[in-house]
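Trainee: Pasting a structure here, questions to come.
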Amino acid sequence: MKFIPYGKQSIDQDDIEAVTQTLQSDYLTTGPKVKEFEDKICEYTGATYSVAVANGTAALHLASIVLLNKNDKVLTTPNSFLATSNSILYVEAKPIFVDICEDGNIDLDLCEEELKKDTSIKAIYVVHFSGNPVNQEKLKYLKETYSIKILEDCAHSIGAIDGEIKAGSCKNSDCSILSFHPVKHLTTGEGGAITTNNKEIYEKLLELRMHGMNRTFFKDESMAKDEKGNVNPWYYEMHSLGYNYRITDFQCALGLSQFKKLDEFVKRRKEIAKNYDKAFLNSKIRPLYTFDGKSSYHLYVVKVDFSALNITKAELFNKMREKKIGLQLHYIPINKQPYYVSLGYGIEKTPIMDQYYEECFSLPMYPLLNDEEQDYVIETLFEVLK
Ligand SMILES: *Cc1c(COP(=O)(O)O)cnc(C)c1O
């Protein structure tokens with residue numbers, strides 16, 4: 001049997017042909033496929049605008065430039081990939097780490113307590129962890145009651161739905177971000193996007209993606225036009241300090257091809273989740289949450305009380321690896337990372353996160369994982385934990 005990783009992409013011949021066609025076209029970087037891909041993201045998520053960028057981290061960076069000011073306090077989760085809170089630091093704002101709930105998502109009740117205590121808090125960055133959406137009603141309530149900015153990190157959650165609200169639709173937020181890294185639901189190699197329903201935010205994001213350049217609206221008329229009133233054809237202006245965070249046309253061709261299969265991918269992930277749920281029923285392996293139709297299952301996380309067993313988590317990972325199964329851990333509490341500790345973090349009271357970190361790990365979860373491989377993962381896990 002081949003090595004079974006915790007996550008991997010699904011690439012087929014159609015994907016390869018889509019990329020090849022674009023490589024043979026006139027455009028390698030920004031061309032027609034970028035806008036087509038952005039339109040598809042809007043259609044799928046229900047958001048009005050989307051800006052595709054080089055990766056999910058670039059998406060977070062640009063969203064943070066637009067949403068935050070220097071020294072703004074931002075509530076966020078310790079249970080995420082580094083990039084979520086790093087993007088707050090990029091703009092010299094201040095992340096405040098709030099404990100999680102039993103399902104791995106940020107505790108929005110604790111967020112409300114923080115908002116009551118400190119009225120200078122400006123924003124919340126939530127992550128729909130593992131694809132399981134945070135409660136949208138509560139998000140809406142917090143946004144309206146406390147007039148805060150909200151960013152949804154949807155890197156795990158495209159295809160997820162809470163009530164009628166689809167991940168990335170920004171129904172109760174200012175911006176959402178997506179990632180198209182190969183382990184995520186659909187891939188462009190590297191890639192990401194921001195979605196928003198706000199035109200002003202959209203236009204700022206377009207400018208920031210390309211060095212802060214603007215070719216349509218000019219502030220300096222005397223530079224923009226000649227003495228006869230003709231617009232200088234070469235002219236552009238820089239209106240803000242932007243970056244080169246563009247995505248290429250052939251990446252977007254891949255993304256468009258992947259989108260055609262996204263519903264199938266999510267469906268298969270849900271099947272795998274239901275199989276795991278069933279296998280672990282009434283066992284010492286406790287799923288982080290069980291199937292309820294909401295999660296798009298980027299990850300399948302379980303908890304095990306290692307203090308009651310003769311095996312440590314490191315031993316489990318190593319033994320599973322010997323049997324050609326890759327486990328992963330999502331995530332090490334961000335606030336405990338040495339860099340964050342050097343900034344004074346790591347002393348927050350986050351008992352649920354601390355216990356979660358002791359107990360959690362992620363099992364293989366990707367559309368191409370077949371039933372036989374999944375059975376092998378389940379059997380091996382029970383055997384090693386015996
Ligand atoms: C993957 C991921 C990102 C970053 O995306 P990249 O495309 O790898 O830069 C951000 N947040 C979360 C929660 C992620 O899982």
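Chains: A, B, ... in order of the structure tokens. Residues: from 1 per chain. Ligands: from 1, in order shown.
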Counting only C-alpha atoms and all ligand atoms, what are the residues of chain A within 10 Å of ligand 1, and for each of them which pair of atoms is the nearest and at what distance in Å, to one decimal? Sort the table by chain and rising number, as a tab-separated table.

Mentor:
```
residue	atom	partner	partner_atom_place_in_ligand_line	distance
A:Val53	CA	ligand 1	7 (O)	9.3
A:Ala54	CA	ligand 1	7 (O)	7.8
A:Asn55	CA	ligand 1	7 (O)	4.0
A:Gly56	CA	ligand 1	7 (O)	3.4
A:Thr57	CA	ligand 1	9 (O)	3.7
A:Ala58	CA	ligand 1	9 (O)	6.5
A:Ala59	CA	ligand 1	9 (O)	7.8
A:Leu60	CA	ligand 1	10 (C)	7.4
A:His61	CA	ligand 1	9 (O)	9.8
A:Thr77	CA	ligand 1	13 (C)	10.0
A:Asn79	CA	ligand 1	13 (C)	8.5
A:Ser80	CA	ligand 1	13 (C)	5.1
A:Phe81	CA	ligand 1	12 (C)	4.9
A:Leu82	CA	ligand 1	11 (N)	7.2
A:Ala83	CA	ligand 1	10 (C)	5.1
A:Thr84	CA	ligand 1	11 (N)	5.2
A:Ser85	CA	ligand 1	11 (N)	8.9
A:Asn86	CA	ligand 1	10 (C)	9.6
A:Ser87	CA	ligand 1	10 (C)	9.4
A:Val126	CA	ligand 1	13 (C)	9.2
A:Val127	CA	ligand 1	13 (C)	6.1
A:His128	CA	ligand 1	13 (C)	7.8
A:Phe129	CA	ligand 1	13 (C)	7.0
A:Ser130	CA	ligand 1	13 (C)	8.3
A:Gly131	CA	ligand 1	13 (C)	9.6
A:Glu152	CA	ligand 1	13 (C)	9.6
A:Asp153	CA	ligand 1	11 (N)	6.0
A:Cys154	CA	ligand 1	13 (C)	7.0
A:Ala155	CA	ligand 1	14 (C)	4.8
A:His156	CA	ligand 1	15 (O)	5.7
A:Ser157	CA	ligand 1	13 (C)	9.1
A:Ile177	CA	ligand 1	10 (C)	8.0
A:Leu178	CA	ligand 1	5 (O)	7.3
A:Ser179	CA	ligand 1	7 (O)	4.2
A:Phe180	CA	ligand 1	7 (O)	5.7
A:His181	CA	ligand 1	7 (O)	4.9
A:Pro182	CA	ligand 1	7 (O)	8.7
A:Val183	CA	ligand 1	1 (C)	8.0
A:Lys184	CA	ligand 1	1 (C)	7.1
A:Thr187	CA	ligand 1	7 (O)	9.4
A:Thr188	CA	ligand 1	7 (O)	9.5
A:Gly189	CA	ligand 1	7 (O)	8.9
A:Glu190	CA	ligand 1	7 (O)	6.0
A:Gly191	CA	ligand 1	7 (O)	5.5
A:Gly192	CA	ligand 1	7 (O)	5.5
A:Ala193	CA	ligand 1	7 (O)	8.9
A:His298	CA	ligand 1	15 (O)	8.8
A:Leu299	CA	ligand 1	15 (O)	9.8
A:His330	CA	ligand 1	15 (O)	9.0
A:Tyr331	CA	ligand 1	13 (C)	9.7
```

Trainee: Based on DSSP run over this structure's backbone, return all residues of segment 202-307 of chain A in helix (DSSP H, G or I), as a count of residues only.

Mentor: 44

Trainee: So, counting only C-alpha atoms, which residue among A:Gln136, A:Lys199, A:Asn172, A:Tyr125 is closest to Val51 of chain A?

Mentor: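 Among the listed residues, the smallest separation from Val51 of chain A belongs to A:Lys199.
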
Trainee: Do a neighbour search on Tyr366 of chain A at 12 Å with only C-alpha atoms, toss out local chain neighbours closer than 2 positions, and write the hits as a compact mmCIF listing (two decimals) with all heavy atoms, in the first residue's frame.

Mentor:
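Just written: selection_3.txt:
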```txt
# COMPACT_ATOMS: atom_id res chain seq x y z
N ILE A 4 -0.28 6.92 3.00
CA ILE A 4 -1.54 7.67 3.08
C ILE A 4 -1.30 8.95 3.88
O ILE A 4 -1.14 8.90 5.09
CB ILE A 4 -2.63 6.82 3.77
CG1 ILE A 4 -2.82 5.49 3.02
CG2 ILE A 4 -3.94 7.59 3.87
CD1 ILE A 4 -3.77 4.51 3.71
N PRO A 5 -1.26 10.09 3.21
CA PRO A 5 -1.01 11.35 3.94
C PRO A 5 -2.30 11.84 4.60
O PRO A 5 -3.36 11.26 4.41
CB PRO A 5 -0.57 12.31 2.84
CG PRO A 5 -1.30 11.83 1.62
CD PRO A 5 -1.47 10.33 1.77
N TYR A 6 -2.21 12.92 5.39
CA TYR A 6 -3.43 13.42 6.04
C TYR A 6 -4.31 14.19 5.06
O TYR A 6 -5.52 14.30 5.25
CB TYR A 6 -3.11 14.27 7.28
CG TYR A 6 -2.89 15.74 6.97
CD1 TYR A 6 -3.94 16.65 7.02
CD2 TYR A 6 -1.63 16.20 6.60
CE1 TYR A 6 -3.75 17.99 6.71
CE2 TYR A 6 -1.45 17.53 6.28
CZ TYR A 6 -2.51 18.42 6.34
OH TYR A 6 -2.32 19.73 6.02
N GLY A 7 -3.68 14.71 4.02
CA GLY A 7 -4.45 15.46 3.03
C GLY A 7 -3.70 15.50 1.72
O GLY A 7 -2.46 15.45 1.73
N LYS A 8 -4.40 15.55 0.61
CA LYS A 8 -3.73 15.75 -0.68
C LYS A 8 -4.70 16.17 -1.76
O LYS A 8 -5.91 16.01 -1.61
CB LYS A 8 -2.93 14.50 -1.04
CG LYS A 8 -3.54 13.51 -1.97
CD LYS A 8 -2.53 12.42 -2.32
CE LYS A 8 -3.26 11.26 -2.95
NZ LYS A 8 -2.50 10.04 -3.01
N GLN A 9 -4.16 16.71 -2.85
CA GLN A 9 -4.96 17.24 -3.95
C GLN A 9 -5.53 16.12 -4.82
O GLN A 9 -5.03 15.01 -4.80
CB GLN A 9 -4.11 18.19 -4.80
CG GLN A 9 -3.00 17.52 -5.59
CD GLN A 9 -1.70 17.33 -4.82
OE1 GLN A 9 -1.68 17.32 -3.61
NE2 GLN A 9 -0.61 17.16 -5.55
N SER A 10 -6.55 16.46 -5.60
CA SER A 10 -7.08 15.56 -6.63
C SER A 10 -6.91 16.25 -7.98
O SER A 10 -7.62 17.22 -8.25
CB SER A 10 -8.58 15.30 -6.44
OG SER A 10 -8.87 14.98 -5.10
N ILE A 11 -5.97 15.77 -8.78
CA ILE A 11 -5.73 16.37 -10.10
C ILE A 11 -6.04 15.33 -11.16
O ILE A 11 -5.54 14.21 -11.09
CB ILE A 11 -4.26 16.82 -10.23
CG1 ILE A 11 -3.91 17.91 -9.21
CG2 ILE A 11 -3.94 17.30 -11.66
CD1 ILE A 11 -4.54 19.26 -9.43
N PRO A 182 -2.67 23.05 -2.02
CA PRO A 182 -3.07 21.69 -2.40
C PRO A 182 -3.83 20.87 -1.35
O PRO A 182 -4.61 20.00 -1.72
CB PRO A 182 -1.74 21.02 -2.74
CG PRO A 182 -0.87 22.15 -3.20
CD PRO A 182 -1.28 23.34 -2.39
N VAL A 183 -3.63 21.11 -0.06
CA VAL A 183 -4.39 20.32 0.91
C VAL A 183 -5.82 20.84 1.11
O VAL A 183 -6.63 20.17 1.73
CB VAL A 183 -3.71 20.22 2.31
CG1 VAL A 183 -2.40 19.48 2.22
CG2 VAL A 183 -3.57 21.57 2.96
N LYS A 184 -6.11 22.02 0.58
CA LYS A 184 -7.45 22.59 0.79
C LYS A 184 -8.45 21.99 -0.21
O LYS A 184 -8.10 21.12 -0.99
CB LYS A 184 -7.38 24.12 0.67
CG LYS A 184 -6.28 24.77 1.53
CD LYS A 184 -6.58 24.72 3.02
CE LYS A 184 -5.39 25.02 3.91
NZ LYS A 184 -4.91 26.39 3.94
N HIS A 185 -9.70 22.49 -0.21
CA HIS A 185 -10.75 21.82 -1.00
C HIS A 185 -10.53 21.85 -2.49
O HIS A 185 -10.86 20.91 -3.19
CB HIS A 185 -12.11 22.44 -0.69
CG HIS A 185 -12.61 22.10 0.67
ND1 HIS A 185 -12.23 22.80 1.78
CD2 HIS A 185 -13.43 21.12 1.10
CE1 HIS A 185 -12.81 22.26 2.85
NE2 HIS A 185 -13.54 21.24 2.46
N LEU A 186 -10.06 22.99 -2.99
CA LEU A 186 -9.68 23.02 -4.41
C LEU A 186 -8.37 23.77 -4.51
O LEU A 186 -8.07 24.63 -3.67
CB LEU A 186 -10.76 23.65 -5.30
CG LEU A 186 -10.91 25.15 -5.41
CD1 LEU A 186 -11.66 25.51 -6.65
CD2 LEU A 186 -11.66 25.70 -4.20
N LEU A 262 -15.80 20.56 -7.37
CA LEU A 262 -15.80 20.90 -5.94
C LEU A 262 -16.95 20.23 -5.18
O LEU A 262 -16.75 19.70 -4.08
CB LEU A 262 -15.83 22.42 -5.76
CG LEU A 262 -15.85 22.92 -4.32
CD1 LEU A 262 -14.66 22.39 -3.53
CD2 LEU A 262 -15.85 24.45 -4.28
N GLU A 264 -18.47 17.49 -5.82
CA GLU A 264 -18.13 16.06 -5.68
C GLU A 264 -17.07 15.85 -4.58
O GLU A 264 -17.16 14.92 -3.79
CB GLU A 264 -17.59 15.51 -7.00
CG GLU A 264 -18.67 15.13 -8.00
CD GLU A 264 -19.66 14.11 -7.44
OE1 GLU A 264 -19.20 13.08 -6.89
OE2 GLU A 264 -20.88 14.36 -7.52
N PHE A 265 -16.08 16.74 -4.59
CA PHE A 265 -15.01 16.64 -3.56
C PHE A 265 -15.61 16.74 -2.16
O PHE A 265 -15.29 15.95 -1.28
CB PHE A 265 -13.99 17.78 -3.71
CG PHE A 265 -13.10 17.70 -4.93
CD1 PHE A 265 -12.36 18.83 -5.33
CD2 PHE A 265 -12.96 16.53 -5.67
CE1 PHE A 265 -11.53 18.78 -6.44
CE2 PHE A 265 -12.13 16.47 -6.78
CZ PHE A 265 -11.42 17.61 -7.17
N VAL A 266 -16.49 17.73 -1.98
CA VAL A 266 -17.08 17.96 -0.65
C VAL A 266 -17.96 16.77 -0.27
O VAL A 266 -17.94 16.31 0.88
CB VAL A 266 -17.86 19.30 -0.60
CG1 VAL A 266 -18.61 19.46 0.72
CG2 VAL A 266 -16.91 20.48 -0.81
N LYS A 267 -18.69 16.25 -1.25
CA LYS A 267 -19.57 15.11 -1.00
C LYS A 267 -18.76 13.91 -0.51
O LYS A 267 -19.13 13.24 0.46
CB LYS A 267 -20.30 14.76 -2.30
CG LYS A 267 -21.44 13.78 -2.12
CD LYS A 267 -22.31 13.72 -3.39
CE LYS A 267 -22.83 12.30 -3.55
NZ LYS A 267 -22.65 11.77 -4.90
N ARG A 268 -17.64 13.66 -1.17
CA ARG A 268 -16.79 12.52 -0.78
C ARG A 268 -16.20 12.74 0.62
O ARG A 268 -16.12 11.83 1.43
CB ARG A 268 -15.68 12.32 -1.82
CG ARG A 268 -14.68 11.23 -1.48
CD ARG A 268 -15.31 9.83 -1.40
NE ARG A 268 -14.37 8.86 -0.83
CZ ARG A 268 -14.73 7.79 -0.14
NH1 ARG A 268 -16.00 7.52 0.07
NH2 ARG A 268 -13.82 6.97 0.35
N ARG A 269 -15.79 13.97 0.90
CA ARG A 269 -15.27 14.28 2.25
C ARG A 269 -16.33 13.98 3.31
O ARG A 269 -16.02 13.46 4.39
CB ARG A 269 -14.82 15.74 2.34
CG ARG A 269 -13.49 16.03 1.63
CD ARG A 269 -13.19 17.53 1.60
NE ARG A 269 -11.94 17.83 0.93
CZ ARG A 269 -10.74 17.85 1.52
NH1 ARG A 269 -10.62 17.60 2.81
NH2 ARG A 269 -9.65 18.13 0.83
N LYS A 270 -17.59 14.33 3.00
CA LYS A 270 -18.66 14.08 3.97
C LYS A 270 -18.88 12.58 4.16
O LYS A 270 -19.14 12.13 5.29
CB LYS A 270 -19.96 14.75 3.50
CG LYS A 270 -19.92 16.27 3.63
CD LYS A 270 -21.21 16.92 3.15
CE LYS A 270 -21.17 18.43 3.38
NZ LYS A 270 -22.38 19.10 2.89
N GLU A 271 -18.78 11.80 3.09
CA GLU A 271 -18.90 10.34 3.20
C GLU A 271 -17.83 9.77 4.11
O GLU A 271 -18.10 8.94 4.98
CB GLU A 271 -18.72 9.69 1.82
CG GLU A 271 -19.98 9.56 1.00
CD GLU A 271 -19.64 9.15 -0.45
OE1 GLU A 271 -18.57 8.53 -0.67
OE2 GLU A 271 -20.44 9.47 -1.33
N ILE A 272 -16.61 10.24 3.89
CA ILE A 272 -15.48 9.77 4.70
C ILE A 272 -15.72 10.12 6.17
O ILE A 272 -15.51 9.29 7.06
CB ILE A 272 -14.15 10.37 4.18
CG1 ILE A 272 -13.83 9.83 2.78
CG2 ILE A 272 -13.00 10.11 5.14
CD1 ILE A 272 -12.69 10.54 2.06
N ALA A 273 -16.21 11.34 6.40
CA ALA A 273 -16.49 11.77 7.78
C ALA A 273 -17.53 10.86 8.43
O ALA A 273 -17.37 10.44 9.58
CB ALA A 273 -16.98 13.22 7.79
N SER A 296 -17.68 21.32 5.78
CA SER A 296 -17.18 20.83 4.50
C SER A 296 -15.94 19.95 4.70
O SER A 296 -15.32 19.52 3.74
CB SER A 296 -16.87 21.99 3.56
OG SER A 296 -15.95 22.87 4.16
N TYR A 297 -15.59 19.69 5.96
CA TYR A 297 -14.55 18.71 6.33
C TYR A 297 -13.23 18.87 5.57
O TYR A 297 -12.81 17.96 4.85
CB TYR A 297 -15.08 17.28 6.16
CG TYR A 297 -16.04 16.88 7.26
CD1 TYR A 297 -17.41 16.90 7.05
CD2 TYR A 297 -15.57 16.50 8.50
CE1 TYR A 297 -18.30 16.55 8.05
CE2 TYR A 297 -16.45 16.15 9.52
CZ TYR A 297 -17.80 16.17 9.29
OH TYR A 297 -18.67 15.82 10.28
N HIS A 298 -12.60 20.02 5.77
CA HIS A 298 -11.19 20.11 5.34
C HIS A 298 -10.37 19.10 6.15
O HIS A 298 -9.48 18.45 5.62
CB HIS A 298 -10.68 21.53 5.55
CG HIS A 298 -9.19 21.66 5.53
ND1 HIS A 298 -8.43 21.20 4.48
CD2 HIS A 298 -8.32 22.15 6.45
CE1 HIS A 298 -7.14 21.43 4.74
NE2 HIS A 298 -7.05 22.00 5.93
N LEU A 299 -10.70 19.00 7.44
CA LEU A 299 -9.98 18.10 8.34
C LEU A 299 -10.97 17.18 9.04
O LEU A 299 -12.13 17.55 9.23
CB LEU A 299 -9.24 18.90 9.43
CG LEU A 299 -8.26 19.97 8.99
CD1 LEU A 299 -7.80 20.78 10.21
CD2 LEU A 299 -7.06 19.35 8.30
N TYR A 300 -10.48 16.02 9.45
CA TYR A 300 -11.24 15.20 10.39
C TYR A 300 -10.37 15.04 11.64
O TYR A 300 -9.36 14.34 11.63
CB TYR A 300 -11.60 13.84 9.80
CG TYR A 300 -12.61 13.11 10.66
CD1 TYR A 300 -13.98 13.25 10.45
CD2 TYR A 300 -12.20 12.30 11.72
CE1 TYR A 300 -14.92 12.61 11.25
CE2 TYR A 300 -13.13 11.66 12.53
CZ TYR A 300 -14.49 11.81 12.29
OH TYR A 300 -15.41 11.18 13.09
N SER A 362 -5.26 14.88 13.62
CA SER A 362 -6.08 14.82 12.41
C SER A 362 -5.79 13.54 11.63
O SER A 362 -4.63 13.16 11.48
CB SER A 362 -5.79 16.01 11.50
OG SER A 362 -5.99 17.22 12.21
N LEU A 363 -6.86 12.92 11.15
CA LEU A 363 -6.75 11.67 10.38
C LEU A 363 -6.78 11.98 8.88
O LEU A 363 -7.25 13.05 8.48
CB LEU A 363 -7.94 10.76 10.72
CG LEU A 363 -8.01 10.30 12.17
CD1 LEU A 363 -9.27 9.47 12.38
CD2 LEU A 363 -6.77 9.48 12.52
N PRO A 364 -6.31 11.06 8.05
CA PRO A 364 -6.35 11.27 6.60
C PRO A 364 -7.76 11.64 6.13
O PRO A 364 -8.73 10.99 6.51
CB PRO A 364 -5.90 9.92 6.03
CG PRO A 364 -4.98 9.38 7.08
CD PRO A 364 -5.60 9.80 8.38
N LEU A 368 -9.68 11.53 -2.65
CA LEU A 368 -9.17 10.30 -3.27
C LEU A 368 -8.90 9.18 -2.26
O LEU A 368 -8.53 8.07 -2.66
CB LEU A 368 -7.89 10.59 -4.07
CG LEU A 368 -8.09 11.37 -5.37
CD1 LEU A 368 -6.73 11.67 -6.02
CD2 LEU A 368 -8.97 10.59 -6.36
N LEU A 369 -9.09 9.42 -0.98
CA LEU A 369 -8.95 8.35 0.01
C LEU A 369 -10.09 7.35 -0.24
O LEU A 369 -11.26 7.70 -0.13
CB LEU A 369 -9.06 8.94 1.42
CG LEU A 369 -8.89 7.98 2.61
CD1 LEU A 369 -7.41 7.62 2.79
CD2 LEU A 369 -9.42 8.60 3.90
N ASN A 370 -9.72 6.11 -0.59
CA ASN A 370 -10.81 5.15 -0.90
C ASN A 370 -11.22 4.37 0.35
O ASN A 370 -10.60 4.45 1.40
CB ASN A 370 -10.43 4.26 -2.08
CG ASN A 370 -9.23 3.37 -1.78
OD1 ASN A 370 -9.08 2.88 -0.66
ND2 ASN A 370 -8.38 3.16 -2.77
N ASP A 371 -12.32 3.61 0.22
CA ASP A 371 -12.89 2.91 1.38
C ASP A 371 -11.89 1.94 2.00
O ASP A 371 -11.79 1.84 3.23
CB ASP A 371 -14.16 2.14 0.97
CG ASP A 371 -15.31 3.08 0.68
OD1 ASP A 371 -15.23 4.27 1.05
OD2 ASP A 371 -16.29 2.62 0.05
N GLU A 373 -8.60 2.07 1.94
CA GLU A 373 -7.57 2.82 2.67
C GLU A 373 -8.13 3.36 3.99
O GLU A 373 -7.45 3.33 5.02
CB GLU A 373 -7.06 3.99 1.82
CG GLU A 373 -6.22 3.56 0.63
CD GLU A 373 -5.98 4.69 -0.38
OE1 GLU A 373 -6.88 5.55 -0.58
OE2 GLU A 373 -4.90 4.71 -0.98
N GLN A 374 -9.37 3.84 3.94
CA GLN A 374 -9.96 4.37 5.17
C GLN A 374 -10.12 3.26 6.22
O GLN A 374 -9.82 3.47 7.40
CB GLN A 374 -11.31 5.04 4.90
CG GLN A 374 -11.79 5.79 6.13
CD GLN A 374 -13.14 6.47 5.95
OE1 GLN A 374 -13.85 6.24 4.98
NE2 GLN A 374 -13.48 7.31 6.91
```

Trainee: Using only C-alpha atoms, which of the listed residues (A:Thr350, A:Ser147, A:Thr380, A:Asn230) sits closest to Ile96 of chain A?

Mentor: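 Of A:Thr350, A:Ser147, A:Thr380, A:Asn230, the one nearest Ile96 of chain A, counting only C-alpha atoms, is A:Thr350.
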
Trainee: Nearest residue to Glu200 of chain A out of A:Asn244, A:Gln24, A:Asn71, A:Thr48, using only C-alpha atoms?

Mentor: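 Under the stated criterion, the closest residue is A:Thr48.
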
Trainee: Check the DSSP output for the backbone and give back, as a PyMOL selection string, the residues of segment 237-357 of chain A in strand (DSSP E).

Mentor: chain A and resi 237-238+286-287+300-303

Trainee: Output C-alpha atoms for every residue in that selection, as a PDB file, in the first residue's frame.

Mentor:
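Generated file (part.pdb):
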```pdb
ATOM      1  CA  GLU A 237      -0.601  56.567 -10.582  1.00  0.00           C
ATOM      2  CA  MET A 238       0.363  54.994  -7.290  1.00  0.00           C
ATOM      3  CA  ARG A 286     -13.773  10.935  20.125  1.00  0.00           C
ATOM      4  CA  PRO A 287     -14.570  12.858  16.928  1.00  0.00           C
ATOM      5  CA  TYR A 300     -11.238  15.200  10.390  1.00  0.00           C
ATOM      6  CA  VAL A 301      -9.991  15.792  13.917  1.00  0.00           C
ATOM      7  CA  VAL A 302     -10.331  13.329  16.788  1.00  0.00           C
ATOM      8  CA  LYS A 303      -9.488  13.569  20.489  1.00  0.00           C
TER       9      LYS A 303
END
```

Trainee: Which is closer to Asn275 of chain A than all the others in A:Leu151, A:Leu256, A:Met365, A:Leu110, using only C-alpha atoms?

Mentor: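 Nearest candidate to Asn275 of chain A out of A:Leu151, A:Leu256, A:Met365, A:Leu110: A:Met365.
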